[in-house]
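Accompanying notes for the structure given below.
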Amino acid sequence: MSKKRKIGNFFTYVVLIIISVIWLFPFVGLVLQSFRSYVTEFGGMVGYLVPKKFSLDSYIYLFSGECKFIRWYLNTLIIALCVTAGQTVVVVCVSYALSRMRFAGRSFLMRTWLILGMFPGFLTMICLYFLLKLLGLTQAGAVPGLILIGIASSGMGYYVCKGYFDTIPKSLDEAARIDGATRAQILISMIVPLSKPIIIYTALVAFMAPWCDYVFASYVAFGHSNSYNVAVSLQNWVWTNDYQGFFTRFCAGGILVAIPVTILFMCLQKYYVEGVTGGAVKG
């Protein structure tokens, strides 16, 4: 290796290390603060970035009877799992239909969905809220309301999944049709097993949206703490007057929220990358 190349690699690694430190600093700080124990000095609460005394008080509080964190966590988990299952099924079925079938209005439908997808979801928040309110799916009924909203328009997100299905030879479908297989049998028995990466990618994306949702969740469950998800409840803690007292609890809750997502991505990273790259094919 030439001297010039070694120097270039050295500076490249230095830059990457600096970027990594900057990127990881907030996460390290979050973990440290979750184990932080405040000490009283001169009658005030004084804290440090690196705790002088580590404590599990914040985590104990989250699982104590004084806090509804377990309920909020279960609300978030139920919403995320239901939306993941519903969205994945809807997206796979819509993508298969648009990839394999030819029918009147197909191109118009795809263009219409593409245009509608460019508008931000905030534009429909008021309409959706009043619609859910008429159905009794706000506040006390916010959990099923959020599940319904998460699944209802999921078919519009067919783009990546359809692109992946387009890479699977249609001759397989034709051979199966000759043997007497129905469309449903082809999808379940042939397409789904061959499309594991894109299905996992679709499920991960579907899971992330409700798991991290704050804006719409706070809007639908407004004023009813039993229907809060984790994001809404943690944000309310930050807004309390007892900022220092609840900040460590906020950090501990953030760590517990990040753990499932981190584990999912670490275990399914291979399929996630394959799904993204495989679905990025023009069909």
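FYI, nothing fancy with the structure tokens labels: chains A, B, ... in order, residues from 1 per chain, ligands from 1 as they appear.
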
Do you have, as JSON lines, the list of residues of stretch 145-189 of chain A lying at most 10 Å from stretch 120-133 of chain A, each with its nearest atom pair and that distance in Å to one decimal, counting only C-alpha atoms and ordered by chain then number?
{"residue": "A:Gly145", "atom": "CA", "partner": "A:Leu132", "partner_atom": "CA", "distance": 6.5}
{"residue": "A:Leu146", "atom": "CA", "partner": "A:Leu132", "partner_atom": "CA", "distance": 9.2}
{"residue": "A:Leu148", "atom": "CA", "partner": "A:Leu132", "partner_atom": "CA", "distance": 9.3}
{"residue": "A:Ile149", "atom": "CA", "partner": "A:Leu128", "partner_atom": "CA", "distance": 8.2}

* Residue neighbourhood stretch 28-32 of chain A, 12 Å, only C-alpha atoms, exclusion window fewer than 3 positions, as an MDAnalysis selection string -> chainID A and resid 20:25 35:37 47:56 58:59 247:256 258:259

Restricting it to N, CA and C atoms, dump the selection as a compact mmCIF listing (two decimals), in the first residue's frame.
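See out_2.txt below for the written result:
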# COMPACT_ATOMS: atom_id res chain seq x y z
N SER A 20 -18.73 9.06 14.55
CA SER A 20 -19.32 8.03 15.40
C SER A 20 -19.49 8.52 16.83
N VAL A 21 -18.47 9.24 17.34
CA VAL A 21 -18.54 9.76 18.70
C VAL A 21 -19.69 10.76 18.82
N ILE A 22 -19.80 11.66 17.83
CA ILE A 22 -20.88 12.65 17.84
C ILE A 22 -22.24 11.97 17.77
N TRP A 23 -22.33 10.94 16.95
CA TRP A 23 -23.60 10.24 16.76
C TRP A 23 -24.00 9.45 18.00
N LEU A 24 -23.02 8.85 18.68
CA LEU A 24 -23.31 8.00 19.83
C LEU A 24 -23.46 8.78 21.14
N PHE A 25 -22.96 10.00 21.17
CA PHE A 25 -22.97 10.77 22.42
C PHE A 25 -24.37 10.90 23.04
N PHE A 35 -29.55 5.92 34.82
CA PHE A 35 -29.03 5.35 36.07
C PHE A 35 -28.58 6.43 37.04
N ARG A 36 -28.97 7.65 36.79
CA ARG A 36 -28.48 8.78 37.57
C ARG A 36 -29.22 8.92 38.90
N SER A 37 -28.46 9.26 39.93
CA SER A 37 -29.04 9.52 41.23
C SER A 37 -28.66 10.94 41.63
N GLY A 47 -26.88 17.61 39.25
CA GLY A 47 -26.61 16.38 38.54
C GLY A 47 -25.39 16.52 37.65
N TYR A 48 -24.88 15.38 37.16
CA TYR A 48 -23.68 15.36 36.34
C TYR A 48 -23.93 14.43 35.16
N LEU A 49 -23.18 14.66 34.08
CA LEU A 49 -23.33 13.81 32.90
C LEU A 49 -23.02 12.37 33.24
N VAL A 50 -21.88 12.14 33.88
CA VAL A 50 -21.54 10.80 34.38
C VAL A 50 -21.97 10.73 35.84
N PRO A 51 -22.93 9.88 36.17
CA PRO A 51 -23.46 9.86 37.54
C PRO A 51 -22.38 9.59 38.57
N LYS A 52 -22.43 10.34 39.67
CA LYS A 52 -21.53 10.07 40.78
C LYS A 52 -22.03 8.89 41.61
N LYS A 53 -23.34 8.66 41.50
CA LYS A 53 -23.94 7.53 42.20
C LYS A 53 -24.96 6.90 41.28
N PHE A 54 -24.73 5.65 40.93
CA PHE A 54 -25.65 4.94 40.05
C PHE A 54 -26.82 4.38 40.87
N SER A 55 -27.99 4.44 40.27
CA SER A 55 -29.19 4.00 40.97
C SER A 55 -30.18 3.41 39.98
N LEU A 56 -30.98 2.47 40.47
CA LEU A 56 -32.05 1.86 39.66
C LEU A 56 -33.41 2.43 40.02
N SER A 58 -35.10 4.95 38.95
CA SER A 58 -35.96 5.32 37.82
C SER A 58 -36.65 4.10 37.22
N TYR A 59 -35.90 3.00 37.08
CA TYR A 59 -36.48 1.77 36.53
C TYR A 59 -37.46 1.15 37.51
N PHE A 247 -36.91 13.64 34.75
CA PHE A 247 -36.01 13.50 33.60
C PHE A 247 -35.33 12.14 33.58
N THR A 248 -34.85 11.67 34.73
CA THR A 248 -34.21 10.35 34.76
C THR A 248 -35.22 9.25 34.42
N ARG A 249 -36.47 9.42 34.84
CA ARG A 249 -37.50 8.44 34.50
C ARG A 249 -37.80 8.47 33.00
N PHE A 250 -37.77 9.67 32.44
CA PHE A 250 -37.92 9.81 31.00
C PHE A 250 -36.82 9.05 30.26
N CYS A 251 -35.58 9.20 30.73
CA CYS A 251 -34.45 8.50 30.10
C CYS A 251 -34.58 6.99 30.24
N ALA A 252 -34.99 6.52 31.43
CA ALA A 252 -35.17 5.08 31.63
C ALA A 252 -36.27 4.53 30.72
N GLY A 253 -37.37 5.27 30.59
CA GLY A 253 -38.43 4.85 29.68
C GLY A 253 -37.95 4.82 28.24
N GLY A 254 -37.14 5.80 27.85
CA GLY A 254 -36.60 5.82 26.49
C GLY A 254 -35.73 4.60 26.20
N ILE A 255 -34.96 4.17 27.19
CA ILE A 255 -34.12 2.98 27.01
C ILE A 255 -35.00 1.74 26.80
N LEU A 256 -36.04 1.61 27.61
CA LEU A 256 -36.92 0.44 27.49
C LEU A 256 -37.69 0.44 26.17
N ALA A 258 -36.40 1.68 23.36
CA ALA A 258 -35.42 1.44 22.30
C ALA A 258 -34.99 -0.01 22.22
N ILE A 259 -35.09 -0.76 23.32
CA ILE A 259 -34.57 -2.13 23.34
C ILE A 259 -35.25 -3.03 22.30

* In terms of the shortest atom-to-atom distance over only C-alpha atoms, which of A:Val230, A:Ala217, A:Ile191, A:Ile70 is closest to A:Ala97? ->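 Of all the options, A:Ile191 lies closest to A:Ala97.
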
* To do: Name all residues at most 7 Å from stretch 74-90 of chain A (count only C-alpha atoms; drop same-chain ones fewer than 6 positions away) and give them as JSON, numbers by chain.
  => {"A": [143, 146, 147, 150, 151, 154, 155, 199, 202, 203, 206, 207, 210, 211, 227, 229, 230]}

Residues of stretch 158-217 of chain A within 12 Å of stretch 110-119 of chain A: nearest atom pair and distance (Å, one decimal) for each, counting only C-alpha atoms, sorted by chain and number, as JSON lines?
{"residue": "A:Tyr158", "atom": "CA", "partner": "A:Met110", "partner_atom": "CA", "distance": 9.1}
{"residue": "A:Tyr159", "atom": "CA", "partner": "A:Leu114", "partner_atom": "CA", "distance": 8.7}
{"residue": "A:Lys162", "atom": "CA", "partner": "A:Met110", "partner_atom": "CA", "distance": 11.0}

* To do: Just list the residues in stretch 199-246 of chain A DSSP gives helix (DSSP H, G or I) on the backbone, as a ChimeraX atom specification.
  => /A:199-211,215-220,225-227,230-238,243-246

Would you save the residues from that selection as a CSV table (one decimal), in the first residue's frame, using N, CA and C atoms?
chain,number,residue,atom,x,y,z
A,199,ILE,N,-41.0,-8.9,2.9
A,199,ILE,CA,-42.1,-9.0,3.9
A,199,ILE,C,-41.6,-8.6,5.2
A,200,ILE,N,-40.4,-9.0,5.6
A,200,ILE,CA,-39.8,-8.6,6.8
A,200,ILE,C,-39.5,-7.1,6.8
A,201,TYR,N,-39.1,-6.6,5.7
A,201,TYR,CA,-38.9,-5.1,5.6
A,201,TYR,C,-40.2,-4.4,5.8
A,202,THR,N,-41.3,-4.9,5.1
A,202,THR,CA,-42.6,-4.2,5.3
A,202,THR,C,-43.1,-4.3,6.7
A,203,ALA,N,-42.8,-5.4,7.4
A,203,ALA,CA,-43.3,-5.6,8.8
A,203,ALA,C,-42.5,-4.6,9.7
A,204,LEU,N,-41.2,-4.5,9.5
A,204,LEU,CA,-40.4,-3.6,10.3
A,204,LEU,C,-40.8,-2.2,10.2
A,205,VAL,N,-41.0,-1.7,8.9
A,205,VAL,CA,-41.5,-0.4,8.7
A,205,VAL,C,-42.9,-0.1,9.3
A,206,ALA,N,-43.7,-1.1,9.2
A,206,ALA,CA,-45.1,-1.0,9.8
A,206,ALA,C,-45.0,-1.0,11.3
A,207,PHE,N,-44.1,-1.7,11.9
A,207,PHE,CA,-43.9,-1.7,13.4
A,207,PHE,C,-43.4,-0.4,13.9
A,208,MET,N,-42.4,0.2,13.2
A,208,MET,CA,-41.8,1.4,13.6
A,208,MET,C,-42.7,2.6,13.7
A,209,ALA,N,-43.7,2.7,12.8
A,209,ALA,CA,-44.5,3.9,12.8
A,209,ALA,C,-45.4,4.1,14.1
A,210,PRO,N,-46.2,3.1,14.5
A,210,PRO,CA,-46.9,3.2,15.7
A,210,PRO,C,-46.1,3.1,17.0
A,211,TRP,N,-45.0,2.5,16.9
A,211,TRP,CA,-44.1,2.3,18.1
A,211,TRP,C,-43.5,3.7,18.5
A,215,VAL,N,-47.5,12.4,17.5
A,215,VAL,CA,-48.4,13.5,17.2
A,215,VAL,C,-49.9,13.0,17.1
A,216,PHE,N,-50.2,12.0,16.3
A,216,PHE,CA,-51.5,11.5,16.2
A,216,PHE,C,-52.0,10.8,17.4
A,217,ALA,N,-51.1,10.1,18.1
A,217,ALA,CA,-51.5,9.3,19.3
A,217,ALA,C,-51.9,10.3,20.4
A,218,SER,N,-51.2,11.4,20.5
A,218,SER,CA,-51.6,12.4,21.5
A,218,SER,C,-52.9,13.1,21.2
A,219,TYR,N,-53.1,13.2,19.9
A,219,TYR,CA,-54.3,13.9,19.4
A,219,TYR,C,-55.6,13.1,19.7
A,220,VAL,N,-55.5,11.7,19.5
A,220,VAL,CA,-56.6,10.8,19.6
A,220,VAL,C,-56.9,10.5,21.1
A,225,SER,N,-55.4,9.3,30.2
A,225,SER,CA,-54.0,8.7,30.4
A,225,SER,C,-54.0,7.2,30.2
A,226,ASN,N,-55.1,6.5,30.4
A,226,ASN,CA,-55.1,5.1,30.2
A,226,ASN,C,-54.9,4.6,28.8
A,227,SER,N,-55.1,5.6,27.8
A,227,SER,CA,-55.0,5.2,26.4
A,227,SER,C,-53.7,5.8,25.8
A,230,VAL,N,-46.4,5.1,24.8
A,230,VAL,CA,-45.2,5.5,25.6
A,230,VAL,C,-44.7,6.8,25.2
A,231,ALA,N,-44.7,7.2,23.9
A,231,ALA,CA,-44.2,8.4,23.4
A,231,ALA,C,-45.0,9.6,24.1
A,232,VAL,N,-46.3,9.5,24.1
A,232,VAL,CA,-47.1,10.6,24.7
A,232,VAL,C,-46.9,10.7,26.2
A,233,SER,N,-46.8,9.6,26.9
A,233,SER,CA,-46.6,9.6,28.3
A,233,SER,C,-45.2,10.2,28.7
A,234,LEU,N,-44.2,9.8,28.0
A,234,LEU,CA,-42.9,10.3,28.3
A,234,LEU,C,-42.8,11.8,28.0
A,235,GLN,N,-43.4,12.2,26.9
A,235,GLN,CA,-43.4,13.7,26.6
A,235,GLN,C,-44.1,14.5,27.7
A,236,ASN,N,-45.2,13.9,28.2
A,236,ASN,CA,-45.9,14.6,29.3
A,236,ASN,C,-45.0,14.7,30.6
A,237,TRP,N,-44.1,13.8,30.8
A,237,TRP,CA,-43.2,13.8,31.9
A,237,TRP,C,-42.2,15.0,31.7
A,238,VAL,N,-41.8,15.2,30.5
A,238,VAL,CA,-40.8,16.3,30.3
A,238,VAL,C,-41.5,17.6,30.5
A,243,TYR,N,-39.1,18.9,36.6
A,243,TYR,CA,-38.3,18.4,35.4
A,243,TYR,C,-37.2,17.5,35.9
A,244,GLN,N,-36.4,17.9,36.9
A,244,GLN,CA,-35.3,17.1,37.3
A,244,GLN,C,-35.7,15.7,37.9
A,245,GLY,N,-36.8,15.7,38.6
A,245,GLY,CA,-37.3,14.5,39.1
A,245,GLY,C,-37.8,13.5,38.1
A,246,PHE,N,-38.4,14.0,37.0
A,246,PHE,CA,-38.9,13.1,36.0
A,246,PHE,C,-38.0,12.9,34.8

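Taking only stretch 9-245 of chain A, the residues that DSSP calls strand (DSSP E or B) from the backbone come to Arg36, Val39, Thr40, Glu41, Gly44, Met45, Val46 and Phe54 of chain A.
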
* Point out the residue among A:Val92, A:Ile17, A:Cys161, A:Met266 with the least atom-to-atom distance to A:Ala184, counting only C-alpha atoms. =>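 Using only C-alpha atoms, A:Ala184 sits closest to A:Val92.
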